[in-house]
Amino acid sequence: MVRKKIVAGNWKMNKSYDEGIALVEQLVDELDMDKVGDTHIIIAPPSVLLQPVTELLMFSPGIAVAAQNCHHEESGAFTGEISAAMIKSVDADAVIVGHSERREYFKEDDALISKKMKAALDKELMVIYCCGESFEERKTANHIAVVEKQLRTALSDFSAKDADNIIVAYEPVWAIGTGEVATVAQAGEMHTHIRTVLSSIFGDAAQNMSILYGGSVKPDNAAELFAHPDIDGGLIGGASLKSADFMSIIYAMPK
Ligand code: PGA
């Protein structure tokens with residue numbers, strides 16, 4: 001297996017039903033597959049759009065669909081939540097877990113995130129596991145230790161076989177939605193360290209795991225980031241909401 005190059009768009013809580021459909025239709029119409037090459041594309045719309053978006057992309061095998069979160073139980077009295085089984089039931093392919101907004105606003109920690117991952121992997125969904133340090137943690141030079149602890153707490157219970165279905169997204173909290181992007185040196189240093197930690201957990205399987213960078217990726221900084229050998233793609237927030245910007249980021253992946 002070769003390591004996949006991936007560009008994922010996380011819409012967060014944006015787009016009405018009609019706006020979301022229009023954005024996906026535009027992508028399907030306008031994406032130049034020659035320029036996309038072997039880059040895998042993932043779209044993570046809000047949950048009410050999962051079903052129509054998977055249906056629209058039925059004949060676009062290069063574009064997968066992810067939920068932005070799931071509950072760790074299969075069903076039950078958890079008002080407002082959706083389960084991995086439900087995500088699977090609309091033929092979505094993946095789920096994002098551990099996004100820093102979930103950690104910060106919904107008080108999720110790595111022990112809980114690990115349970116969500118197990119629920120998702122049990123349902124044969126791919127998992128995009130997000131990690132990343134706060135501004136304070138970087139300022140005090142604790143970023144490497146913080147991210148390593150997140151990874152070890154969330155991932156240590158999984159096997160090398162599970163690793164095939166886990167994508168890691170490094171998203172420094174201070175770069176998300178702020179316009180302040182990590183430098184290639186900062187992101188590259190962390191990605192290389194993440195791969196070392198993944199190797200110590202999963203062995204050789206870590207070489208095939210994709211590690212995405214997220215945090216203010218835009219058309220004008222994507223190429224530089226994606227050129228780093230340990231940056232296998234991006235998790236894109238704001239810039240995934242406009243098809244032209246999202247497409248330029250996809251095309252920025254080295255061929
Ligand atoms: P941003 O968000 O691209 O808007 O910074 C990235 C993310 O949170 O996934």
# chains A, B, ... in the order shown; residues from 1 in each chain; ligands from 1

$ residues_around --residues "A:Val168" --least-positions-apart "6" --cutoff "9 Å" --atoms "only C-alpha atoms" --output "PyMOL selection string"
chain A and resi 127-131+194+209-213

$ write_last_selection --atoms "C-alpha atoms" --output "mmCIF file, in the first residue's frame"
data_model
loop_
_atom_site.group_PDB
_atom_site.id
_atom_site.type_symbol
_atom_site.label_atom_id
_atom_site.label_comp_id
_atom_site.auth_asym_id
_atom_site.auth_seq_id
_atom_site.Cartn_x
_atom_site.Cartn_y
_atom_site.Cartn_z
ATOM 1 C CA VAL A 127 -11.225 7.932 10.718
ATOM 2 C CA ILE A 128 -9.618 11.356 10.433
ATOM 3 C CA TYR A 129 -8.072 11.845 13.867
ATOM 4 C CA CYS A 130 -7.189 15.472 14.679
ATOM 5 C CA CYS A 131 -4.505 16.554 17.102
ATOM 6 C CA ILE A 194 4.028 12.367 14.480
ATOM 7 C CA MET A 209 -0.500 6.497 7.083
ATOM 8 C CA SER A 210 -1.413 9.893 5.678
ATOM 9 C CA ILE A 211 -0.706 12.872 7.915
ATOM 10 C CA LEU A 212 -2.596 16.007 6.885
ATOM 11 C CA TYR A 213 -1.886 19.576 7.922
#

$ residues_near_ligand --ligand "ligand 1" --cutoff "6 Å" --atoms "only C-alpha atoms and all ligand atoms" --output "list in words"
Asn10, Ala175, Ile176, Gly177, Gly214, Gly215, Ser216, Val217, Leu235, Ile236, Gly237 and Gly238 of chain A

$ write_last_selection --atoms "N, CA and C atoms" --output "compact mmCIF listing (two decimals), in the first residue's frame"
# COMPACT_ATOMS: atom_id res chain seq x y z
N ASN A 10 -13.48 20.47 5.43
CA ASN A 10 -14.34 20.40 6.62
C ASN A 10 -15.21 21.65 6.61
N ALA A 175 -3.64 28.13 14.54
CA ALA A 175 -3.67 28.39 13.10
C ALA A 175 -5.06 28.18 12.50
N ILE A 176 -5.99 27.64 13.30
CA ILE A 176 -7.31 27.30 12.75
C ILE A 176 -8.19 28.54 12.68
N GLY A 177 -8.57 28.87 11.44
CA GLY A 177 -9.50 29.98 11.22
C GLY A 177 -8.92 31.34 11.56
N GLY A 214 -3.63 20.96 8.90
CA GLY A 214 -4.82 21.83 8.85
C GLY A 214 -4.58 23.08 9.66
N GLY A 215 -5.14 24.19 9.19
CA GLY A 215 -4.99 25.48 9.88
C GLY A 215 -4.64 26.54 8.87
N SER A 216 -5.70 27.25 8.39
CA SER A 216 -5.52 28.35 7.44
C SER A 216 -4.79 27.96 6.16
N VAL A 217 -5.04 26.75 5.67
CA VAL A 217 -4.50 26.40 4.35
C VAL A 217 -5.33 27.15 3.31
N LEU A 235 -6.29 19.33 5.70
CA LEU A 235 -7.68 19.38 6.17
C LEU A 235 -8.05 20.86 6.13
N ILE A 236 -8.98 21.19 5.25
CA ILE A 236 -9.22 22.59 4.90
C ILE A 236 -10.58 23.03 5.46
N GLY A 237 -10.60 24.10 6.22
CA GLY A 237 -11.85 24.63 6.75
C GLY A 237 -12.39 25.70 5.82
N GLY A 238 -12.15 26.96 6.19
CA GLY A 238 -12.71 28.11 5.46
C GLY A 238 -12.57 28.02 3.94

$ residues_around --residues "A:Lys161" --least-positions-apart "4" --cutoff "9 Å" --atoms "only C-alpha atoms" --output "ChimeraX atom specification"
/A:165,202,205

$ write_last_selection --atoms "N, CA and C atoms" --output "short mmCIF file (atom, residue, chain, number, x, y, z; two decimals), in the first residue's frame"
data_model
loop_
_atom_site.label_atom_id
_atom_site.label_comp_id
_atom_site.auth_asym_id
_atom_site.auth_seq_id
_atom_site.Cartn_x
_atom_site.Cartn_y
_atom_site.Cartn_z
N ASN A 165 -6.82 2.38 8.23
CA ASN A 165 -8.06 3.17 8.13
C ASN A 165 -8.02 4.44 8.99
N PHE A 202 2.44 1.64 15.70
CA PHE A 202 1.94 0.74 14.65
C PHE A 202 3.03 0.01 13.87
N ALA A 205 3.49 -0.10 9.53
CA ALA A 205 2.23 0.39 8.96
C ALA A 205 2.19 1.92 8.97
#

$ atom_distance --atom1 "atom CA of A:Lys116" --atom2 "atom CA of A:Val173"
20.8 Å

$ select_by_dssp --residues "stretch 3-126 of chain A" --states "helix (DSSP H, G or I)" --output "NGL selection string"
:A and (17-30 or 33-36 or 47-56 or 84-89 or 100-105 or 110-122)

$ closest_atom_pairs --of "stretch 140-232 of chain A" --to "stretch 94-109 of chain A" --cutoff "9 Å" --atoms "only C-alpha atoms" --output "CSV"
residue,atom,partner,partner_atom,distance
A:Gln150,CA,A:Asp109,CA,8.6
A:Ala154,CA,A:Asp109,CA,8.7
A:Ala169,CA,A:His99,CA,8.9
A:Glu171,CA,A:Ser100,CA,7.8
A:Pro172,CA,A:Ser100,CA,8.6
A:Val173,CA,A:Ser100,CA,6.6
A:Ile176,CA,A:Ser100,CA,8.8

$ select_by_dssp --residues "stretch 13-250 of chain A" --states "strand (DSSP E)" --output "JSON, numbers by chain"
{"A": [40, 41, 42, 43, 44, 63, 64, 65, 66, 67, 94, 95, 96, 97, 126, 127, 128, 129, 130, 131, 166, 167, 168, 169, 170, 211, 212, 213, 214, 233, 234, 235, 236]}

$ residues_around --residues "A:Arg152" --least-positions-apart "2" --cutoff "10 Å" --atoms "only C-alpha atoms" --output "MDAnalysis selection string"
chainID A and resid 110 147:150 154:157 197:198 200:201

$ write_last_selection --atoms "N, CA and C atoms" --output "mmCIF file, in the first residue's frame"
data_model
loop_
_atom_site.group_PDB
_atom_site.id
_atom_site.type_symbol
_atom_site.label_atom_id
_atom_site.label_comp_id
_atom_site.auth_asym_id
_atom_site.auth_seq_id
_atom_site.Cartn_x
_atom_site.Cartn_y
_atom_site.Cartn_z
ATOM 1 N N ASP A 110 -8.952 12.806 24.811
ATOM 2 C CA ASP A 110 -8.467 11.707 23.979
ATOM 3 C C ASP A 110 -9.016 10.346 24.381
ATOM 4 N N VAL A 147 1.293 16.981 21.636
ATOM 5 C CA VAL A 147 0.746 16.215 20.511
ATOM 6 C C VAL A 147 1.086 14.728 20.673
ATOM 7 N N GLU A 148 2.279 14.447 21.149
ATOM 8 C CA GLU A 148 2.654 13.031 21.358
ATOM 9 C C GLU A 148 1.711 12.371 22.370
ATOM 10 N N LYS A 149 1.387 13.113 23.439
ATOM 11 C CA LYS A 149 0.484 12.549 24.454
ATOM 12 C C LYS A 149 -0.911 12.317 23.873
ATOM 13 N N GLN A 150 -1.380 13.274 23.070
ATOM 14 C CA GLN A 150 -2.699 13.097 22.431
ATOM 15 C C GLN A 150 -2.700 11.809 21.603
ATOM 16 N N ALA A 154 -4.947 8.451 22.433
ATOM 17 C CA ALA A 154 -6.067 8.107 21.540
ATOM 18 C C ALA A 154 -5.806 6.852 20.723
ATOM 19 N N LEU A 155 -4.544 6.600 20.359
ATOM 20 C CA LEU A 155 -4.287 5.573 19.336
ATOM 21 C C LEU A 155 -3.688 4.269 19.849
ATOM 22 N N SER A 156 -3.183 4.261 21.085
ATOM 23 C CA SER A 156 -2.405 3.099 21.518
ATOM 24 C C SER A 156 -3.182 1.784 21.531
ATOM 25 N N ASP A 157 -4.509 1.847 21.637
ATOM 26 C CA ASP A 157 -5.288 0.603 21.679
ATOM 27 C C ASP A 157 -5.546 -0.011 20.306
ATOM 28 N N VAL A 197 6.122 8.798 16.229
ATOM 29 C CA VAL A 197 5.236 8.275 17.278
ATOM 30 C C VAL A 197 4.339 7.173 16.688
ATOM 31 N N LEU A 198 3.807 7.425 15.495
ATOM 32 C CA LEU A 198 2.943 6.415 14.866
ATOM 33 C C LEU A 198 3.727 5.128 14.625
ATOM 34 N N SER A 200 6.140 4.005 16.424
ATOM 35 C CA SER A 200 6.336 3.287 17.678
ATOM 36 C C SER A 200 5.036 2.599 18.123
ATOM 37 N N ILE A 201 3.900 3.096 17.651
ATOM 38 C CA ILE A 201 2.614 2.444 17.988
ATOM 39 C C ILE A 201 2.284 1.335 16.974
#

$ atom_distance --atom1 "atom CA of A:Asp230" --atom2 "atom CA of A:Ser199"
13.2 Å

$ residues_around --residues "stretch 72-75 of chain A" --least-positions-apart "3" --cutoff "6 Å" --atoms "only C-alpha atoms" --output "list in words"
Ser83, Lys115, Lys116 and Ala119 of chain A

$ closest_residue --among "A:Ile82, A:Ala67, A:Ala141, A:Ala22" --to "A:Lys242" --atoms "only C-alpha atoms"
A:Ala22

$ closest_residue --among "A:Gly188, A:Gly132, A:Gly9, A:Gly203" --to "A:Phe158" --atoms "only C-alpha atoms"
A:Gly203

$ residues_around --residues "stretch 30-47 of chain A" --least-positions-apart "3" --cutoff "7 Å" --atoms "only C-alpha atoms" --output "PyMOL selection string"
chain A and resi 5-13+26-27+50+62-68+247+250-251+255

$ residues_around --residues "A:Asp220" --least-positions-apart "2" --cutoff "10 Å" --atoms "only C-alpha atoms" --output "PyMOL selection string"
chain A and resi 217-218+222-224+245+248-249+252

$ atom_distance --atom1 "atom CA of A:Ala206" --atom2 "atom CA of A:Asp93"
20.9 Å
